[in-house]
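Source file: final-v9.csv. Holds: CSV, C-alpha atoms.
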```csv
chain,number,residue,atom,x,y,z
S,614,ILE,CA,0.0,0.0,0.0
S,615,ASP,CA,1.5,3.4,-0.9
S,616,GLY,CA,1.8,6.4,1.4
S,617,ALA,CA,-1.1,8.4,0.0
S,618,SER,CA,-3.5,5.5,0.4
S,619,PHE,CA,-2.3,4.9,4.0
S,620,LEU,CA,-2.8,8.6,4.9
S,621,PHE,CA,-6.3,8.6,3.3
S,622,SER,CA,-7.3,5.5,5.2
S,623,MET,CA,-6.1,6.9,8.5
S,624,LEU,CA,-8.0,10.1,7.8
S,625,MET,CA,-11.2,8.2,7.1
S,626,ILE,CA,-10.8,6.2,10.3
S,627,ALA,CA,-10.2,9.4,12.2
S,628,VAL,CA,-13.3,11.0,10.8
S,629,VAL,CA,-15.4,8.0,11.7
S,630,VAL,CA,-14.1,7.9,15.3
S,631,MET,CA,-14.6,11.7,15.7
S,632,THR,CA,-18.2,11.4,14.3
S,633,LEU,CA,-19.0,8.6,16.8
S,634,TYR,CA,-17.5,10.6,19.7
S,635,GLY,CA,-19.5,13.6,18.7
S,636,TYR,CA,-22.8,11.7,18.2
S,637,LEU,CA,-22.5,9.9,21.6
S,638,TRP,CA,-21.0,12.5,23.9
S,639,ASN,CA,-20.5,16.0,22.3
S,640,LYS,CA,-23.1,17.4,19.8
S,641,THR,CA,-21.2,20.6,19.2
S,642,PHE,CA,-18.1,18.6,18.3
S,643,LEU,CA,-20.3,16.5,16.0
S,644,LYS,CA,-21.4,19.6,14.1
S,645,VAL,CA,-17.8,20.7,13.6
S,646,VAL,CA,-16.8,17.3,12.3
S,647,LEU,CA,-19.8,17.2,9.9
S,648,GLY,CA,-19.0,20.7,8.6
S,649,LEU,CA,-15.3,19.7,8.0
S,650,SER,CA,-16.4,16.4,6.4
S,651,GLY,CA,-18.6,18.4,4.0
S,652,ILE,CA,-15.7,20.6,3.0
S,653,LEU,CA,-13.4,17.5,2.5
S,654,LEU,CA,-16.1,15.9,0.3
S,655,VAL,CA,-16.4,19.0,-1.8
S,656,LEU,CA,-12.6,19.0,-2.3
S,657,MET,CA,-12.8,15.3,-3.1
S,658,SER,CA,-15.4,16.1,-5.7
S,659,ILE,CA,-13.0,18.6,-7.3
S,660,TYR,CA,-10.3,15.9,-7.4
S,661,TYR,CA,-12.7,13.4,-9.0
S,662,ALA,CA,-13.8,16.0,-11.5
S,663,THR,CA,-10.2,16.8,-12.6
S,664,ALA,CA,-9.6,13.0,-13.0
S,665,GLY,CA,-12.7,12.7,-15.3
S,666,TYR,CA,-14.9,10.7,-12.9
S,667,TRP,CA,-18.0,12.9,-13.5
S,668,ALA,CA,-20.7,10.7,-12.0
S,669,ARG,CA,-18.6,10.1,-8.9
S,670,ALA,CA,-17.8,13.8,-8.6
S,671,PHE,CA,-21.5,14.8,-8.8
S,672,PHE,CA,-22.7,12.4,-6.0
S,673,VAL,CA,-19.7,13.2,-3.7
S,674,LEU,CA,-20.5,16.9,-4.3
S,675,ILE,CA,-24.1,16.4,-3.1
S,676,ALA,CA,-22.9,14.6,0.0
S,677,GLY,CA,-20.5,17.4,0.7
S,678,ILE,CA,-23.2,20.1,0.4
S,679,VAL,CA,-25.4,18.0,2.8
S,680,GLY,CA,-22.5,17.8,5.2
S,681,MET,CA,-22.1,21.5,5.2
S,682,ILE,CA,-25.8,22.0,5.9
S,683,LEU,CA,-26.2,19.5,8.7
S,684,PRO,CA,-24.3,21.5,11.4
S,685,PHE,CA,-26.9,24.3,11.1
S,686,TRP,CA,-30.0,22.2,10.5
S,687,GLU,CA,-31.4,22.5,14.0
S,688,ARG,CA,-31.0,26.2,14.0
S,689,PHE,CA,-32.6,26.5,10.6
S,690,LYS,CA,-35.7,24.5,11.8
S,691,ARG,CA,-36.3,26.9,14.6
S,692,LYS,CA,-36.5,29.9,12.4
S,693,THR,CA,-39.5,31.4,10.7
S,694,GLU,CA,-41.0,30.2,7.5
S,695,GLU,CA,-39.3,33.0,5.6
S,696,ASP,CA,-35.8,32.1,7.0
S,697,ARG,CA,-36.3,28.5,6.1
S,698,SER,CA,-37.2,29.4,2.6
S,699,LEU,CA,-34.1,31.6,2.4
S,700,VAL,CA,-32.0,28.7,3.6
S,701,PHE,CA,-33.3,26.3,1.0
S,702,ARG,CA,-32.9,28.9,-1.8
S,703,MET,CA,-29.3,29.7,-0.6
S,704,PHE,CA,-28.1,26.1,-0.5
S,705,GLY,CA,-30.1,25.1,-3.6
S,706,THR,CA,-28.4,27.9,-5.5
S,707,ILE,CA,-25.0,26.8,-4.2
S,708,LEU,CA,-25.7,23.2,-5.2
S,709,MET,CA,-26.9,24.1,-8.6
S,710,ALA,CA,-23.8,26.3,-9.2
S,711,PHE,CA,-21.5,23.5,-8.3
S,712,ALA,CA,-23.4,20.9,-10.3
S,713,LEU,CA,-23.5,23.2,-13.3
S,714,ALA,CA,-19.8,23.8,-13.1
S,715,VAL,CA,-19.1,20.0,-13.0
S,716,LEU,CA,-21.5,19.3,-15.9
S,717,VAL,CA,-20.1,22.1,-18.1
S,718,ILE,CA,-16.5,21.1,-17.6
S,719,GLY,CA,-17.5,17.5,-18.1
S,720,ALA,CA,-19.0,18.4,-21.5
S,721,VAL,CA,-15.8,20.3,-22.3
S,722,GLN,CA,-13.6,17.3,-21.4
S,723,THR,CA,-15.8,14.9,-23.4
S,724,ILE,CA,-15.1,17.1,-26.4
S,725,LEU,CA,-11.4,17.1,-25.6
S,726,ILE,CA,-11.3,13.3,-25.2
S,727,ASN,CA,-13.1,12.9,-28.6
S,728,ASN,CA,-10.7,15.2,-30.3
S,729,GLY,CA,-7.8,13.5,-28.6
S,730,ARG,CA,-9.1,10.1,-29.6
S,731,ASP,CA,-9.2,11.2,-33.3
S,732,ASN,CA,-5.7,12.6,-33.1
S,733,LEU,CA,-4.3,9.5,-31.4
S,734,TYR,CA,-5.9,7.3,-34.0
S,735,GLU,CA,-4.2,9.3,-36.7
S,736,LYS,CA,-0.9,8.8,-34.9
S,737,THR,CA,-1.5,5.1,-34.8
S,738,GLU,CA,-2.1,5.0,-38.6
S,739,GLN,CA,0.9,7.1,-39.2
S,740,ALA,CA,3.1,4.8,-37.0
S,741,ARG,CA,1.7,1.7,-38.8
S,742,ILE,CA,2.5,3.2,-42.2
S,743,SER,CA,6.0,4.2,-41.0
S,744,ILE,CA,7.0,0.8,-39.6
S,745,GLU,CA,5.6,-1.0,-42.7
S,746,ASN,CA,7.7,1.4,-44.8
S,747,ASP,CA,10.8,0.7,-42.7
S,748,VAL,CA,10.4,-3.1,-43.3
S,749,ASP,CA,9.6,-2.6,-47.0
S,750,ASP,CA,12.7,-0.4,-47.3
S,751,ALA,CA,14.9,-3.0,-45.8
S,752,LEU,CA,13.4,-5.7,-48.0
S,753,ILE,CA,13.8,-3.7,-51.2
S,754,SER,CA,17.4,-2.9,-50.3
S,755,LEU,CA,18.2,-6.5,-49.7
S,756,GLU,CA,16.5,-7.6,-52.9
S,757,GLY,CA,18.3,-4.9,-54.9
S,758,LEU,CA,21.6,-6.0,-53.4
S,759,MET,CA,21.0,-9.6,-54.5
S,760,GLU,CA,20.0,-8.6,-58.0
S,761,ASN,CA,23.3,-6.7,-58.4
S,762,VAL,CA,25.5,-8.6,-60.8
S,763,ILE,CA,28.7,-7.7,-59.0
S,764,VAL,CA,27.3,-8.8,-55.6
S,765,ASN,CA,25.9,-11.9,-57.1
S,766,ASN,CA,29.3,-12.9,-58.7
S,767,ALA,CA,31.2,-12.1,-55.5
S,768,ILE,CA,28.9,-14.5,-53.5
S,769,LYS,CA,29.1,-17.1,-56.2
S,770,MET,CA,32.9,-16.9,-56.5
S,771,GLU,CA,33.2,-16.8,-52.6
S,772,ARG,CA,35.2,-13.6,-52.7
S,773,THR,CA,34.7,-13.1,-49.0
S,774,SER,CA,36.5,-9.8,-48.7
S,775,ASP,CA,34.4,-8.3,-51.5
S,776,VAL,CA,31.2,-9.5,-49.9
S,777,ASP,CA,32.4,-8.0,-46.6
S,778,ASP,CA,32.9,-4.6,-48.2
S,779,ILE,CA,29.5,-4.7,-49.9
S,780,LEU,CA,27.8,-5.6,-46.6
S,781,MET,CA,29.6,-2.8,-44.8
S,782,THR,CA,28.5,-0.2,-47.4
S,783,THR,CA,24.9,-1.4,-47.3
S,784,PHE,CA,24.8,-1.5,-43.5
S,785,LYS,CA,26.2,2.1,-43.2
S,786,ASN,CA,23.5,3.3,-45.6
S,787,HIS,CA,20.7,1.9,-43.5
S,788,ARG,CA,20.3,3.1,-39.9
S,789,SER,CA,17.5,0.6,-39.3
S,790,PHE,CA,19.9,-2.4,-39.7
S,791,ASP,CA,21.3,-4.2,-36.7
S,792,SER,CA,23.3,-6.6,-38.9
S,793,ILE,CA,23.4,-8.0,-42.4
S,794,THR,CA,24.5,-11.5,-43.0
S,795,MET,CA,25.1,-13.9,-46.0
S,796,LEU,CA,24.6,-17.6,-45.4
S,797,SER,CA,25.5,-20.6,-47.5
S,798,LEU,CA,23.1,-23.4,-48.4
S,799,ASP,CA,24.3,-25.4,-45.4
S,800,GLY,CA,23.6,-22.5,-42.9
S,801,ALA,CA,27.2,-21.5,-42.5
S,802,VAL,CA,28.1,-17.7,-42.4
S,803,VAL,CA,29.7,-16.5,-45.5
S,804,ALA,CA,30.0,-12.9,-44.3
S,805,THR,CA,28.5,-10.6,-41.7
S,806,TYR,CA,28.6,-7.0,-40.8
S,807,PRO,CA,29.2,-5.7,-38.1
S,808,PHE,CA,31.5,-8.6,-37.5
S,809,SER,CA,30.6,-10.8,-34.5
S,810,GLU,CA,32.5,-13.9,-33.6
S,811,GLU,CA,29.3,-15.4,-32.0
S,812,VAL,CA,27.4,-15.0,-35.3
S,813,SER,CA,30.3,-16.0,-37.6
S,814,ASN,CA,30.8,-19.3,-35.8
S,815,TYR,CA,27.1,-20.1,-35.6
S,816,ASN,CA,25.4,-22.5,-38.0
S,817,PHE,CA,21.8,-21.3,-38.9
S,818,ALA,CA,20.7,-24.5,-40.7
S,819,THR,CA,18.2,-25.4,-37.9
S,820,GLU,CA,16.8,-21.8,-37.5
S,821,SER,CA,13.1,-21.4,-38.5
S,822,PHE,CA,13.8,-18.4,-40.7
S,823,PHE,CA,16.5,-20.3,-42.6
S,824,GLU,CA,14.4,-23.5,-43.0
S,825,GLU,CA,11.3,-21.5,-44.3
S,826,THR,CA,13.4,-19.4,-46.7
S,827,ILE,CA,15.2,-22.5,-48.1
S,828,ALA,CA,12.1,-24.7,-48.3
S,829,GLY,CA,9.8,-22.2,-49.9
S,830,GLN,CA,12.4,-20.1,-51.7
S,831,LYS,CA,10.5,-17.0,-50.6
S,832,THR,CA,10.9,-14.0,-48.4
S,833,TYR,CA,10.7,-14.4,-44.6
S,834,ILE,CA,9.7,-11.6,-42.2
S,835,SER,CA,9.6,-12.1,-38.4
S,836,ARG,CA,6.1,-12.2,-37.0
S,837,GLN,CA,7.5,-12.0,-33.5
S,838,VAL,CA,10.8,-11.2,-31.8
S,839,GLU,CA,13.3,-14.0,-32.2
S,840,GLN,CA,16.9,-14.9,-31.4
S,841,PHE,CA,19.4,-14.6,-34.3
S,842,GLY,CA,22.0,-17.2,-33.6
S,843,ALA,CA,24.1,-16.6,-30.5
S,844,GLY,CA,24.7,-12.9,-31.2
S,845,ILE,CA,21.4,-11.1,-31.1
S,846,ASP,CA,18.8,-12.1,-28.5
S,847,LYS,CA,15.9,-9.8,-29.7
S,848,ALA,CA,15.9,-9.8,-33.5
S,849,ILE,CA,13.4,-8.7,-36.2
S,850,VAL,CA,14.6,-10.9,-39.1
S,851,ILE,CA,14.1,-10.4,-42.8
S,852,ALA,CA,15.5,-13.1,-45.0
S,853,ILE,CA,15.5,-13.8,-48.8
S,854,PRO,CA,17.0,-16.5,-50.9
S,855,THR,CA,20.2,-15.6,-52.8
S,856,ILE,CA,19.8,-16.8,-56.4
S,857,ASP,CA,22.5,-17.2,-59.1
S,858,LEU,CA,21.4,-14.7,-61.7
S,859,LYS,CA,22.7,-16.9,-64.5
S,860,THR,CA,21.6,-20.4,-63.5
S,861,GLY,CA,18.7,-19.6,-61.3
S,862,LYS,CA,20.0,-21.9,-58.6
S,863,MET,CA,19.8,-21.0,-54.9
S,864,MET,CA,23.2,-20.1,-53.4
S,865,GLY,CA,22.1,-19.4,-49.8
S,866,VAL,CA,20.2,-16.9,-47.7
S,867,ALA,CA,20.6,-13.1,-47.2
S,868,VAL,CA,19.5,-11.9,-43.8
S,869,VAL,CA,18.9,-8.5,-42.2
S,870,CYS,CA,18.2,-8.0,-38.6
S,871,LEU,CA,16.3,-4.7,-37.9
S,872,SER,CA,17.2,-2.6,-34.9
S,873,ALA,CA,14.4,-2.6,-32.3
S,874,GLU,CA,16.0,0.6,-30.8
S,875,TYR,CA,15.9,2.4,-34.1
S,876,LEU,CA,12.4,1.4,-34.8
S,877,SER,CA,11.3,2.5,-31.3
S,878,ASP,CA,13.0,5.9,-31.9
S,879,ARG,CA,11.2,6.2,-35.2
S,880,MET,CA,7.9,5.4,-33.6
S,881,GLN,CA,8.4,7.9,-30.8
S,882,LEU,CA,8.9,10.6,-33.5
S,883,VAL,CA,5.3,10.1,-34.4
S,884,ALA,CA,4.2,10.7,-30.8
S,885,VAL,CA,4.2,14.1,-29.1
S,886,SER,CA,6.6,13.9,-26.2
S,887,SER,CA,5.3,17.1,-24.5
S,888,GLU,CA,1.9,15.4,-24.2
S,889,GLU,CA,3.5,12.1,-23.0
S,890,GLN,CA,2.2,10.2,-26.0
S,891,SER,CA,3.9,6.9,-26.8
S,892,VAL,CA,3.8,4.4,-29.6
S,893,THR,CA,4.4,0.6,-29.1
S,894,VAL,CA,4.2,-2.4,-31.4
S,895,VAL,CA,3.1,-5.9,-30.3
S,896,ASP,CA,4.0,-9.0,-32.3
S,897,SER,CA,1.7,-11.8,-33.3
S,898,GLU,CA,2.3,-13.7,-30.0
S,899,GLY,CA,1.6,-10.7,-27.7
S,900,LYS,CA,5.2,-9.7,-27.0
S,901,TRP,CA,6.6,-6.1,-27.3
S,902,ILE,CA,8.4,-5.8,-30.6
S,903,VAL,CA,8.9,-2.0,-30.4
S,904,HIS,CA,8.8,-0.2,-27.1
S,905,PRO,CA,10.2,3.1,-25.7
S,906,GLU,CA,12.1,1.1,-23.1
S,907,THR,CA,14.2,-1.2,-25.2
S,908,GLU,CA,14.7,-3.6,-22.3
S,909,ALA,CA,11.0,-4.4,-22.5
S,910,VAL,CA,11.3,-5.7,-26.1
S,911,GLY,CA,10.6,-9.4,-26.2
S,912,ALA,CA,8.6,-9.3,-22.9
S,913,TRP,CA,5.0,-10.4,-22.8
S,914,VAL,CA,2.3,-7.6,-22.6
S,915,THR,CA,0.8,-7.9,-19.2
S,916,GLU,CA,-2.9,-7.8,-18.3
S,917,ALA,CA,-2.3,-4.7,-16.2
S,918,ASP,CA,-1.6,-2.8,-19.4
S,919,ALA,CA,-4.7,-1.9,-21.5
S,920,THR,CA,-2.7,-2.9,-24.6
S,921,PHE,CA,-3.4,-6.5,-23.5
S,922,ASP,CA,-7.1,-6.0,-24.5
S,923,LEU,CA,-6.2,-4.4,-27.9
S,924,TRP,CA,-3.4,-6.2,-29.6
S,925,LYS,CA,-5.5,-9.1,-31.0
S,926,MET,CA,-8.0,-6.7,-32.7
S,927,ASP,CA,-7.8,-5.3,-36.2
S,928,THR,CA,-8.6,-1.8,-34.9
S,929,GLY,CA,-9.6,-0.8,-31.4
S,930,ILE,CA,-10.0,2.1,-28.9
S,931,ALA,CA,-9.9,1.7,-25.1
S,932,GLN,CA,-9.3,3.5,-21.8
S,933,GLY,CA,-7.3,1.9,-19.1
S,934,TYR,CA,-3.9,2.0,-17.3
S,935,ASP,CA,-0.6,2.1,-19.1
S,936,ARG,CA,2.6,0.4,-18.1
S,937,GLU,CA,3.3,3.2,-15.6
S,938,GLY,CA,-0.1,3.0,-14.0
S,939,ARG,CA,-1.5,6.2,-15.6
S,940,PHE,CA,-5.1,6.2,-16.7
S,941,SER,CA,-4.8,6.7,-20.5
S,942,LEU,CA,-6.5,6.5,-23.9
S,943,PHE,CA,-5.3,3.8,-26.3
S,944,THR,CA,-5.9,3.4,-30.0
S,945,GLU,CA,-4.7,0.4,-32.1
S,946,GLN,CA,-4.4,-0.7,-35.7
S,947,LYS,CA,-3.2,-4.1,-36.9
S,948,SER,CA,-0.7,-4.2,-39.7
S,949,LYS,CA,-2.1,-7.1,-41.8
S,950,LYS,CA,1.1,-7.2,-43.9
S,951,LEU,CA,3.3,-7.8,-40.8
S,952,ASP,CA,0.7,-9.2,-38.3
S,953,TRP,CA,1.9,-6.7,-35.8
S,954,ALA,CA,-0.4,-4.4,-33.6
S,955,VAL,CA,0.5,-0.7,-33.5
S,956,VAL,CA,-0.7,1.0,-30.4
S,957,ALA,CA,-0.6,4.7,-29.5
S,958,SER,CA,-1.5,5.9,-26.0
S,959,GLN,CA,-1.7,9.2,-24.1
S,960,PRO,CA,-2.5,9.8,-20.4
S,961,LEU,CA,-5.9,11.4,-20.0
S,962,SER,CA,-4.4,13.9,-17.5
S,963,THR,CA,-2.4,15.5,-20.3
S,964,MET,CA,-5.2,15.3,-22.8
S,965,LEU,CA,-7.4,17.3,-20.4
S,966,ASP,CA,-4.9,19.8,-19.3
S,967,VAL,CA,-6.6,22.6,-21.2
S,968,SER,CA,-9.7,22.3,-19.0
S,969,LYS,CA,-8.3,21.0,-15.8
S,970,SER,CA,-6.8,24.3,-14.6
S,971,GLY,CA,-10.1,26.1,-15.5
S,972,LEU,CA,-12.1,23.4,-13.6
S,973,VAL,CA,-10.0,23.8,-10.4
S,974,THR,CA,-10.3,27.6,-10.5
S,975,VAL,CA,-14.1,27.6,-11.1
S,976,LEU,CA,-14.9,25.1,-8.4
S,977,PHE,CA,-12.5,26.8,-5.9
S,978,MET,CA,-14.2,30.1,-6.5
S,979,LEU,CA,-17.6,28.5,-6.1
S,980,LEU,CA,-16.4,26.9,-2.8
S,981,VAL,CA,-15.2,30.2,-1.5
S,982,ALA,CA,-18.5,31.8,-2.5
S,983,ALA,CA,-20.5,29.0,-0.8
S,984,VAL,CA,-18.5,29.4,2.5
S,985,THR,CA,-19.0,33.2,2.3
S,986,VAL,CA,-22.7,32.8,1.9
S,987,VAL,CA,-23.0,30.5,4.8
S,988,VAL,CA,-20.8,32.6,7.1
S,989,SER,CA,-22.8,35.7,6.1
S,990,TYR,CA,-26.1,34.0,6.9
S,991,ILE,CA,-24.8,32.8,10.3
S,992,SER,CA,-23.6,36.3,11.1
S,993,ARG,CA,-27.0,37.7,10.2
S,994,VAL,CA,-28.7,35.2,12.4
S,995,GLU,CA,-26.4,36.0,15.3
S,996,ARG,CA,-27.1,39.7,15.0
S,997,LYS,CA,-30.9,39.0,15.3
```

What does the file become when written as structure tokens?
Amino acid sequence: IDGASFLFSMLMIAVVVMTLYGYLWNKTFLKVVLGLSGILLVLMSIYYATAGYWARAFFVLIAGIVGMILPFWERFKRKTEEDRSLVFRMFGTILMAFALAVLVIGAVQTILINNGRDNLYEKTEQARISIENDVDDALISLEGLMENVIVNNAIKMERTSDVDDILMTTFKNHRSFDSITMLSLDGAVVATYPFSEEVSNYNFATESFFEETIAGQKTYISRQVEQFGAGIDKAIVIAIPTIDLKTGKMMGVAVVCLSAEYLSDRMQLVAVSSEEQSVTVVDSEGKWIVHPETEAVGAWVTEADATFDLWKMDTGIAQGYDREGRFSLFTEQKSKKLDWAVVASQPLSTMLDVSKSGLVTVLFMLLVAAVTVVVSYISRVERK
């Protein structure tokens, strides 16, 4: 239990104990407690309203107004009919003012949420197109490389140094690449860049991407995060068969591993950091494939995150808690080409910032006005 919850629990217990004490032994003290409780409930109503809990805010507000009336109820009953009418008009006006403020700001925030939802959905679509383009760009580059006669001959003639130079040039022209590797038909590494002893000494013959590419002689794109040999634990693999341009025979497999860190940076460019937006991508198994925190890549999406309810859908919109425990709005689109779910999210607190400060100001002023009216009425009664 956190500190705020503990303090709130202790405060509630203290209020209950003081109320019981006042009710049983000290009526004056009870009236003081009821009045303070009413003020606390009004403040709680303001908190709920700023958090977007409008039904809860309204009912707590009514309870707060009742709590502020109760200490003076006996005195009001003893007054003339005219005074009692004044009392009801006074508190009725206060209640209506508070309720109107909550409802008006609630309507404003509903509009802001709808606009924010549309904006966030556009961000999701933009991120989906961006990551599909990144994958397509890597695939086109790899295919273009294999269709180059010089490259094709270098691989066929096993001129390893030439292949290394070609891979280095290709790698440096693509920031999205984590590595680029050429494999022979038996799964051995012909060349790789950047050089890695773990990758170079590894045989990929039993890896699923290698088997699928060889068996079907077609392009392979990761549907989920996978391990690339002994060198890269969290890889997004794109593989194509290398074909001899003269004979049409398969010579091996060309493989690119995309950088999850680069893809994450690209996705976050779509999001607006000042509004705490974020974009994530979930693979076909429910694991993070792109995430602002790169250490989370490859981990399962947990049920505590609202993304868990969205990633299987083609499109979706939801409200819930994000990975940091913030109540947020989520939008999702499925990339049918990649079978990945692209999710954009934004905390509702930042989405509603425009109206939040206005809400606090309006309700605080109404609270001051209510207290002023009550104090003025009590002073008037005392003078009589």

Query raised in the report: When distances are computed from only C-alpha atoms, which of S:Val883, S:Ala919, S:Val764, S:Val914 shows the smallest separation from S:Thr855?
Result: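 Between S:Val883, S:Ala919, S:Val764, S:Val914, the residue approaching S:Thr855 most closely is S:Val764.
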
**Report entry** Computed interatomic separation between atom CA of S:Ala931 and atom CA of S:Phe943 (Å)
**Finding:**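 Calculated distance between atom CA of S:Ala931 and atom CA of S:Phe943 is 5.2 Å.
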
Query raised in the report: Which neighbours of S:Val655 fall inside 10 Å, counting all atoms listed in the file, when residues of the same chain fewer than 2 positions from it are skipped, and could you give them as a list in words?
Result: Leu649, Ser650, Gly651, Ile652, Leu653, Met657, Ser658, Ile659, Tyr660, Tyr661, Ala670, Phe671, Val673, Leu674, Ile675, Ala676, Gly677, Ile678, Gly680, Met681, Phe711, Leu976, Phe977 and Leu980 of chain S

Query raised in the report: Which residue gives the smallest distance to S:Ile726 among S:Ala751, S:Leu796, S:Ile930, S:Leu643, with only C-alpha atoms counted?
Result: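 Counting only C-alpha atoms, the residue closest to S:Ile726 is S:Ile930.
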
Query raised in the report: Using all atoms listed in the file, which residue out of S:Asn761, S:Ser877, S:Ser891, S:Thr944 lies closest to S:Glu908?
Result: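 Nearest to S:Glu908: S:Ser877.
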
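Of the listed residues (S:Asn786, S:Thr819, S:Thr963, S:Thr907), S:Thr963 comes nearest to S:Val885; the distances count all atoms listed in the file.
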
Query raised in the report: Taking into account all atoms listed in the file, which residue in the set S:Ile851, S:Ala957, S:Val645, S:Val910 is nearest to S:Asp749?
Result: S:Ile851

Report task. Kindly indicate which residue among S:Thr783, S:Ser886, S:Ser774, S:Ser897 lies nearest to S:Glu839, using all atoms listed in the file for the distances. Result ->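 The shortest atom-to-atom distance to S:Glu839 comes from S:Ser897.
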
Could you pull the residues within 6 Å of stretch 825-838 of chain S, counting all atoms listed in the file, minus those fewer than 4 positions along the same chain, as an mmCIF file with C-alpha atoms, in the coordinates of the input?
```
data_model
loop_
_atom_site.group_PDB
_atom_site.id
_atom_site.type_symbol
_atom_site.label_atom_id
_atom_site.label_comp_id
_atom_site.auth_asym_id
_atom_site.auth_seq_id
_atom_site.Cartn_x
_atom_site.Cartn_y
_atom_site.Cartn_z
ATOM 1 C CA LYS S 847 15.900 -9.800 -29.700
ATOM 2 C CA ALA S 848 15.900 -9.800 -33.500
ATOM 3 C CA ILE S 849 13.400 -8.700 -36.200
ATOM 4 C CA VAL S 850 14.600 -10.900 -39.100
ATOM 5 C CA ILE S 851 14.100 -10.400 -42.800
ATOM 6 C CA ALA S 852 15.500 -13.100 -45.000
ATOM 7 C CA ILE S 853 15.500 -13.800 -48.800
ATOM 8 C CA PRO S 854 17.000 -16.500 -50.900
ATOM 9 C CA ASP S 896 4.000 -9.000 -32.300
ATOM 10 C CA SER S 897 1.700 -11.800 -33.300
ATOM 11 C CA GLY S 911 10.600 -9.400 -26.200
#
```

Requested in this report: Measure the distance from atom CA of S:Gln946 to atom CA of S:Phe822 in Å and round it to one decimal.
Outcome: 25.9 Å

Requested in this report: Find the residues near S:Ser789: any atom within 8 Å, counting only C-alpha atoms, skip ones fewer than 2 places away on the same chain, and give them as a PyMOL selection string.
Outcome: chain S and resi 747+751+787+791+871-872+875-876

Query raised in the report: So which residues touch S:Glu738 within 10 Å, counting all atoms listed in the file, skipping near sequence neighbours fewer than 2 positions away, as a count of residues only?
Result: 17

List every protein, DNA or RNA residue with an atom no more than 8 Å from (6.8, 1.9, -24.0) in the file's coordinates, counting only C-alpha atoms, and format the result as an mmCIF file with C-alpha atoms, keeping the file's coordinate frame.
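Listed below is the output, selection-v5.cif:
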```cif
data_model
loop_
_atom_site.group_PDB
_atom_site.id
_atom_site.type_symbol
_atom_site.label_atom_id
_atom_site.label_comp_id
_atom_site.auth_asym_id
_atom_site.auth_seq_id
_atom_site.Cartn_x
_atom_site.Cartn_y
_atom_site.Cartn_z
ATOM 1 C CA SER S 891 3.900 6.900 -26.800
ATOM 2 C CA VAL S 892 3.800 4.400 -29.600
ATOM 3 C CA THR S 893 4.400 0.600 -29.100
ATOM 4 C CA VAL S 903 8.900 -2.000 -30.400
ATOM 5 C CA HIS S 904 8.800 -0.200 -27.100
ATOM 6 C CA PRO S 905 10.200 3.100 -25.700
ATOM 7 C CA GLU S 906 12.100 1.100 -23.100
ATOM 8 C CA ALA S 909 11.000 -4.400 -22.500
ATOM 9 C CA ARG S 936 2.600 0.400 -18.100
#
```
